[in-house]
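Engineer: Sending over target-v3.tsv (TSV, C-alpha atoms).
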chain	number	residue	atom	x	y	z
M	1	MET	CA	-65.44	76.57	19.57
M	2	GLN	CA	-66.86	74.42	22.35
M	3	PRO	CA	-64.87	71.48	23.78
M	4	ASP	CA	-66.18	68.02	22.90
M	5	SER	CA	-65.88	66.70	26.47
M	6	GLU	CA	-65.11	67.66	30.01
M	7	GLU	CA	-61.55	66.20	29.74
M	8	GLU	CA	-60.80	68.55	26.89
M	9	ALA	CA	-62.15	71.40	28.91
M	10	GLU	CA	-59.88	70.60	31.88
M	11	ARG	CA	-56.69	70.17	29.70
M	12	PRO	CA	-54.59	73.31	29.90
M	13	ALA	CA	-54.38	75.38	26.83
M	14	GLY	CA	-51.32	74.61	24.64
M	15	ALA	CA	-50.76	71.15	26.14
M	16	GLU	CA	-49.75	68.64	23.45
M	17	GLU	CA	-51.42	65.34	23.13
M	18	THR	CA	-48.83	62.51	23.90
M	19	ALA	CA	-49.02	58.95	22.51
M	20	PRO	CA	-49.23	56.02	25.01
M	21	ARG	CA	-45.83	54.37	25.85
M	22	PRO	CA	-45.29	51.08	24.00
M	23	ARG	CA	-45.34	47.93	26.09
M	24	ARG	CA	-42.04	46.05	26.49
M	25	ARG	CA	-41.99	42.71	24.76
M	26	GLY	CA	-39.73	39.64	25.10
M	27	ARG	CA	-39.59	39.56	28.84
M	28	THR	CA	-41.94	36.62	29.11
M	29	ALA	CA	-40.08	34.71	26.35
M	30	LEU	CA	-36.77	35.27	28.14
M	31	LEU	CA	-38.17	33.91	31.38
M	32	LEU	CA	-39.57	30.84	29.61
M	33	GLY	CA	-36.22	30.18	27.87
M	34	ALA	CA	-34.33	30.44	31.16
M	35	ALA	CA	-36.76	28.05	32.81
M	36	ALA	CA	-36.36	25.54	29.96
M	37	ALA	CA	-32.55	25.70	30.19
M	38	LEU	CA	-32.68	25.15	33.95
M	39	GLY	CA	-34.96	22.18	33.39
M	40	ILE	CA	-32.51	20.58	30.95
M	41	VAL	CA	-29.58	21.09	33.33
M	42	ALA	CA	-31.56	19.69	36.23
M	43	GLY	CA	-32.61	16.66	34.18
M	44	THR	CA	-29.02	15.98	33.08
M	45	CYS	CA	-27.75	16.17	36.67
M	46	ALA	CA	-30.51	13.86	37.88
M	47	GLY	CA	-29.72	11.33	35.14
M	48	TYR	CA	-26.03	11.42	35.95
M	49	LEU	CA	-26.72	10.79	39.66
M	50	VAL	CA	-28.99	7.86	38.85
M	51	GLN	CA	-26.44	6.33	36.46
M	52	ALA	CA	-23.56	6.85	38.92
M	53	ASP	CA	-25.31	4.63	41.50
M	54	ARG	CA	-25.66	1.73	39.02
M	55	GLU	CA	-23.15	-1.06	38.46
M	56	PRO	CA	-21.07	-0.53	35.26
M	57	THR	CA	-22.22	-2.56	32.28
M	58	ARG	CA	-19.51	-4.92	31.00
M	59	LEU	CA	-18.77	-4.35	27.30
M	60	PRO	CA	-18.47	-7.37	24.97
M	61	SER	CA	-14.99	-8.42	23.91
M	62	LEU	CA	-13.75	-7.14	20.56
M	63	SER	CA	-12.42	-10.58	19.65
M	64	GLN	CA	-15.31	-12.95	19.10
M	65	PRO	CA	-15.02	-16.67	18.41
M	66	LEU	CA	-15.68	-17.77	14.85
M	67	LEU	CA	-19.29	-18.83	14.55
M	68	ALA	CA	-19.72	-22.27	13.12
M	69	PRO	CA	-21.96	-22.40	10.04
M	70	ALA	CA	-25.30	-24.16	10.07
M	71	GLY	CA	-25.12	-27.92	10.26
M	72	ASP	CA	-22.16	-27.96	12.69
M	73	GLU	CA	-19.72	-27.72	9.79
M	74	THR	CA	-16.48	-26.05	10.83
M	75	PRO	CA	-14.75	-23.98	8.14
M	76	LYS	CA	-11.79	-25.68	6.51
M	77	ARG	CA	-8.43	-24.04	6.17
M	78	LEU	CA	-6.95	-23.45	2.76
M	79	PRO	CA	-4.37	-26.02	1.77
M	80	ALA	CA	-0.79	-24.77	1.78
M	81	ALA	CA	-0.69	-24.90	-2.01
M	82	GLN	CA	-3.53	-22.36	-2.18
M	83	ASP	CA	-2.61	-20.20	0.81
M	84	ARG	CA	-0.25	-17.57	-0.57
M	85	LYS	CA	0.84	-16.43	2.90
M	86	VAL	CA	2.04	-19.92	3.73
M	87	ARG	CA	3.93	-20.23	0.46
M	88	THR	CA	5.68	-16.86	0.69
M	89	ASN	CA	6.70	-17.47	4.31
M	90	GLY	CA	8.38	-20.71	3.33
M	91	ASP	CA	11.50	-21.33	1.28
M	92	LEU	CA	11.56	-18.64	-1.43
M	93	ARG	CA	13.96	-20.72	-3.51
M	94	GLU	CA	11.18	-23.25	-4.12
M	95	LEU	CA	9.10	-20.51	-5.74
M	96	LEU	CA	11.75	-19.69	-8.33
M	97	LEU	CA	11.51	-21.01	-11.86
M	98	LYS	CA	13.46	-24.15	-12.56
M	99	LYS	CA	16.12	-24.14	-15.21
M	100	PRO	CA	14.91	-25.48	-18.57
M	101	ARG	CA	16.14	-28.75	-19.99
M	102	GLY	CA	19.62	-28.50	-21.43
M	103	ALA	CA	20.51	-25.33	-19.48
M	104	VAL	CA	23.51	-25.12	-17.17
M	105	ASP	CA	23.39	-23.72	-13.64
M	106	VAL	CA	25.26	-20.49	-13.05
M	107	GLU	CA	26.43	-19.98	-9.48
M	108	TRP	CA	26.93	-16.27	-9.09
M	109	PRO	CA	29.69	-15.38	-6.62
M	110	GLU	CA	27.25	-13.35	-4.51
M	111	GLY	CA	24.68	-16.13	-4.19
M	112	GLY	CA	25.26	-18.62	-1.37
M	113	GLY	CA	23.03	-21.63	-1.95
M	114	GLY	CA	20.51	-19.45	-3.74
M	115	TRP	CA	20.19	-16.94	-0.86
M	116	LEU	CA	21.29	-13.32	-0.72
M	117	ASP	CA	21.81	-12.01	2.80
M	118	LEU	CA	21.52	-8.31	3.61
M	119	PRO	CA	25.25	-7.39	3.36
M	120	THR	CA	25.58	-9.23	0.05
M	121	PHE	CA	22.36	-7.81	-1.32
M	122	ALA	CA	23.31	-4.26	-0.34
M	123	GLY	CA	26.78	-4.72	-1.84
M	124	LEU	CA	25.51	-5.44	-5.33
M	125	ALA	CA	26.00	-1.71	-6.00
M	126	ASP	CA	23.17	-1.26	-8.48
M	127	GLN	CA	20.89	1.72	-8.17
M	128	ALA	CA	17.85	-0.38	-7.41
M	129	SER	CA	19.31	-2.11	-4.36
M	130	GLY	CA	21.21	0.79	-2.80
M	131	ASP	CA	23.48	0.58	0.23
M	132	PHE	CA	23.17	-1.23	3.55
M	133	ALA	CA	21.47	1.59	5.49
M	134	TYR	CA	18.98	2.09	2.67
M	135	GLN	CA	17.92	-1.57	2.79
M	136	VAL	CA	17.62	-1.55	6.58
M	137	GLU	CA	15.32	1.46	6.31
M	138	ASN	CA	13.28	-0.33	3.64
M	139	GLU	CA	12.82	-3.32	5.98
M	140	PHE	CA	14.63	-5.83	3.81
M	141	ARG	CA	13.77	-9.36	4.90
M	142	ARG	CA	15.48	-11.77	2.50
M	143	ALA	CA	16.21	-12.49	-1.15
M	144	ALA	CA	16.56	-15.63	-3.25
M	145	THR	CA	18.12	-15.98	-6.68
M	146	VAL	CA	18.60	-18.52	-9.45
M	147	ALA	CA	20.55	-18.32	-12.72
M	148	TRP	CA	21.25	-20.52	-15.73
M	149	ARG	CA	22.91	-20.39	-19.14
M	150	ALA	CA	20.99	-21.76	-22.11
M	151	GLY	CA	22.47	-23.46	-25.16
M	152	ASP	CA	21.95	-20.40	-27.37
M	153	GLY	CA	24.32	-18.35	-25.23
M	154	ARG	CA	21.66	-16.50	-23.27
M	155	THR	CA	22.01	-16.14	-19.52
M	156	VAL	CA	18.99	-15.72	-17.24
M	157	GLU	CA	19.05	-14.46	-13.65
M	158	ILE	CA	15.90	-14.28	-11.53
M	159	ARG	CA	15.77	-12.63	-8.12
M	160	VAL	CA	12.88	-12.51	-5.66
M	161	THR	CA	13.24	-10.01	-2.81
M	162	GLN	CA	10.93	-9.93	0.21
M	163	PHE	CA	10.31	-6.92	2.45
M	164	ARG	CA	8.63	-6.84	5.86
M	165	GLN	CA	6.45	-3.84	4.95
M	166	GLU	CA	5.48	-3.09	8.55
M	167	GLU	CA	6.07	0.65	8.28
M	168	VAL	CA	7.36	1.15	4.72
M	169	LEU	CA	5.72	-0.04	1.49
M	170	ALA	CA	9.11	-0.76	-0.02
M	171	ALA	CA	7.96	-3.20	-2.71
M	172	ALA	CA	6.27	-0.50	-4.80
M	173	ASP	CA	9.21	1.89	-4.38
M	174	TYR	CA	11.67	-0.80	-5.38
M	175	VAL	CA	9.83	-1.55	-8.63
M	176	GLN	CA	9.62	2.15	-9.50
M	177	GLU	CA	13.33	2.61	-8.84
M	178	GLY	CA	14.18	-0.37	-11.00
M	179	ALA	CA	12.37	1.28	-13.88
M	180	TYR	CA	13.73	4.75	-13.16
M	181	TRP	CA	17.38	3.73	-13.09
M	182	ARG	CA	17.33	1.69	-16.29
M	183	PRO	CA	19.88	2.83	-18.85
M	184	GLY	CA	18.88	5.52	-21.30
M	185	GLU	CA	18.99	3.27	-24.35
M	186	VAL	CA	16.11	1.15	-23.09
M	187	ASP	CA	12.89	1.72	-24.96
M	188	SER	CA	9.61	2.59	-23.26
M	189	GLY	CA	9.04	-1.06	-22.35
M	190	TRP	CA	5.86	-3.12	-22.07
M	191	PRO	CA	3.43	-3.67	-19.18
M	192	ILE	CA	3.53	-7.11	-17.58
M	193	PRO	CA	0.03	-8.68	-17.61
M	194	GLY	CA	-1.49	-9.25	-14.18
M	195	THR	CA	0.44	-6.44	-12.50
M	196	GLY	CA	-0.40	-2.81	-11.84
M	197	ASP	CA	3.02	-1.27	-12.41
M	198	GLY	CA	5.23	-4.14	-13.61
M	199	ARG	CA	7.13	-3.51	-16.83
M	200	ALA	CA	9.65	-5.27	-19.02
M	201	TYR	CA	12.38	-3.66	-21.13
M	202	SER	CA	14.79	-4.70	-23.84
M	203	HIS	CA	18.02	-2.81	-24.49
M	204	GLU	CA	18.51	-1.72	-28.06
M	205	GLN	CA	22.29	-1.45	-27.87
M	206	SER	CA	24.99	-3.85	-26.80
M	207	ARG	CA	26.42	-3.32	-23.33
M	208	SER	CA	29.67	-5.21	-23.92
M	209	GLU	CA	33.11	-3.66	-23.62
M	210	PRO	CA	34.85	-2.45	-26.80
M	211	GLY	CA	36.42	-5.36	-28.64
M	212	ALA	CA	34.34	-7.96	-26.82
M	213	SER	CA	31.48	-9.97	-28.26
M	214	PRO	CA	28.22	-8.01	-28.21
M	215	ARG	CA	25.91	-8.70	-25.27
M	216	TYR	CA	22.35	-7.43	-25.19
M	217	MET	CA	20.19	-7.31	-22.08
M	218	ALA	CA	16.50	-7.31	-21.19
M	219	GLU	CA	15.01	-6.82	-17.74
M	220	ALA	CA	11.69	-7.05	-15.93
M	221	HIS	CA	10.50	-5.44	-12.68
M	222	ALA	CA	7.25	-6.39	-10.93
M	223	ARG	CA	5.80	-7.00	-7.49
M	224	ARG	CA	3.20	-9.15	-5.80
M	225	GLY	CA	2.36	-8.30	-2.20
M	226	ASP	CA	5.59	-8.01	-0.22
M	227	LEU	CA	7.64	-9.72	-2.95
M	228	VAL	CA	9.59	-7.99	-5.72
M	229	LEU	CA	10.54	-9.81	-8.89
M	230	THR	CA	13.57	-8.80	-10.94
M	231	ILE	CA	14.74	-10.64	-14.07
M	232	TRP	CA	17.79	-10.05	-16.24
M	233	VAL	CA	18.40	-11.80	-19.56
M	234	THR	CA	21.60	-11.31	-21.57
M	235	GLY	CA	22.51	-12.75	-24.94
M	236	PRO	CA	24.48	-12.24	-28.17
M	237	GLU	CA	21.37	-10.81	-29.87
M	238	ARG	CA	18.71	-8.40	-28.73
M	239	ILE	CA	16.22	-10.14	-26.44
M	240	ALA	CA	12.74	-10.40	-27.91
M	241	LYS	CA	9.74	-8.90	-26.17
M	242	ARG	CA	8.03	-12.29	-25.93
M	243	THR	CA	11.05	-13.85	-24.22
M	244	ILE	CA	11.27	-11.42	-21.31
M	245	LEU	CA	7.48	-11.17	-20.86
M	246	ASP	CA	7.07	-14.95	-20.86
M	247	LEU	CA	9.68	-15.34	-18.12
M	248	ALA	CA	8.05	-12.62	-16.00
M	249	GLU	CA	4.54	-14.06	-16.36
M	250	ARG	CA	5.59	-17.61	-15.54
M	251	GLN	CA	7.55	-16.49	-12.49
M	252	LEU	CA	4.71	-14.32	-11.19
M	253	GLU	CA	2.36	-17.31	-11.38
M	254	ARG	CA	4.50	-19.04	-8.75
M	255	LEU	CA	4.45	-16.13	-6.29
Transcribe the structure of this file into structure tokens.

Structural biologist:
Amino acid sequence: MQPDSEEEAERPAGAEETAPRPRRRGRTALLLGAAAALGIVAGTCAGYLVQADREPTRLPSLSQPLLAPAGDETPKRLPAAQDRKVRTNGDLRELLLKKPRGAVDVEWPEGGGGWLDLPTFAGLADQASGDFAYQVENEFRRAATVAWRAGDGRTVEIRVTQFRQEEVLAAADYVQEGAYWRPGEVDSGWPIPGTGDGRAYSHEQSRSEPGASPRYMAEAHARRGDLVLTIWVTGPERIAKRTILDLAERQLERL
């Protein structure tokens, strides 16, 4: 058989035909990527050097003066009667309900002029108030109280306690504890309108000592801001739901 060309004639007999070596790829792309990265670094350095030679730009103050509305009308402050912060920073005793007509004032031994200082408040020894160290931790600020005895034999005591609430939200905890530590014979209670977690309770059984006249009690626990409201009503008959809720609602309106 004759060879097709001279190259085939010159190729030694038995030599195998080899395929051409593949060309390496990616080298050009790698060089382009490296050049782009160097360009970015160089641009960043150049920008930094330019910015370093400039004077620093003064930032605007975070506290800006209040802009006056159109027409040169300056905004008016709320009157003290409508500014709750002003009212609650004043005399708490003025926010307490006044005794009804015909009722007699009751001066509890622990209340000095309507105020309860921290040692006295902590010494009341009820589960809701706790001891002295507990009230210091809860950032107790002050407490005011008022009490009266009505002609039907019922006694009402109202207490408003204020906490600083700088690091501890004690008002909410205090209301929850007041509900948690209520005696077991109290029914499930009723929510106080206008509050998120305020509730009122009425005891079903008398709490008087054996042989003494029966005395029933109702209580209410609620909060508004940094103020906690606690109400106790005792009487010879079980306290009606409407009685304790009405007292709580009227007192909350003043806070």

Engineer: Name the residues in contact with Val156 in chain M at a cut-off of 9 Å, using all atoms listed in the file, excluding same-chain residues fewer than 3 positions from it; report them as a VMD selection string.

Structural biologist: chain M and resid 106 146 to 150 231 to 235

Engineer: Choose the residue, out of M:Ile158, M:Leu92, M:Ala29, M:Leu97, that has the smallest atom-to-atom separation from Arg142 in chain M; count all atoms listed in the file.

Structural biologist: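 Looking only at the distances to Arg142 in chain M, the closest residue turns out to be M:Leu92.
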
Engineer: Tell me, in Å to one decimal, how far CA of Leu227 in chain M is from CA of Ala122 in chain M.

Structural biologist: 16.8 Å

Engineer: Have a look at CA of Pro236 in chain M and CA of Leu255 in chain M and let me know their distance in Å, one decimal.

Structural biologist: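 Going from CA of Pro236 in chain M over to CA of Leu255 in chain M covers 29.9 Å.
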
Engineer: So which one's closest to Gly194 in chain M, M:Glu55, M:Val160, M:Leu252, M:Leu169? Using only C-alpha atoms, please.

Structural biologist: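 With only C-alpha atoms as the atom set, the closest residue is M:Leu252.
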
Engineer: Using all atoms listed in the file, which protein or nucleic acid residues come within 9 Å of Arg141 in chain M? Drop anything in the same chain fewer than 6 positions from it, and give the result as a PDB file with C-alpha atoms, in the frame of the given file.

Structural biologist:
ATOM      1  CA  ASP M 117      21.810 -12.010   2.800  1.00  0.00           C
ATOM      2  CA  LEU M 118      21.520  -8.310   3.610  1.00  0.00           C
ATOM      3  CA  THR M 161      13.240 -10.010  -2.810  1.00  0.00           C
ATOM      4  CA  GLN M 162      10.930  -9.930   0.210  1.00  0.00           C
ATOM      5  CA  PHE M 163      10.310  -6.920   2.450  1.00  0.00           C
ATOM      6  CA  ARG M 164       8.630  -6.840   5.860  1.00  0.00           C
TER       7      ARG M 164
END

Engineer: In Å, with one decimal, what is the gap from CA of Ala171 in chain M to CA of Glu137 in chain M?

Structural biologist: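 Pair CA of Ala171 in chain M / CA of Glu137 in chain M returns 12.5 Å.
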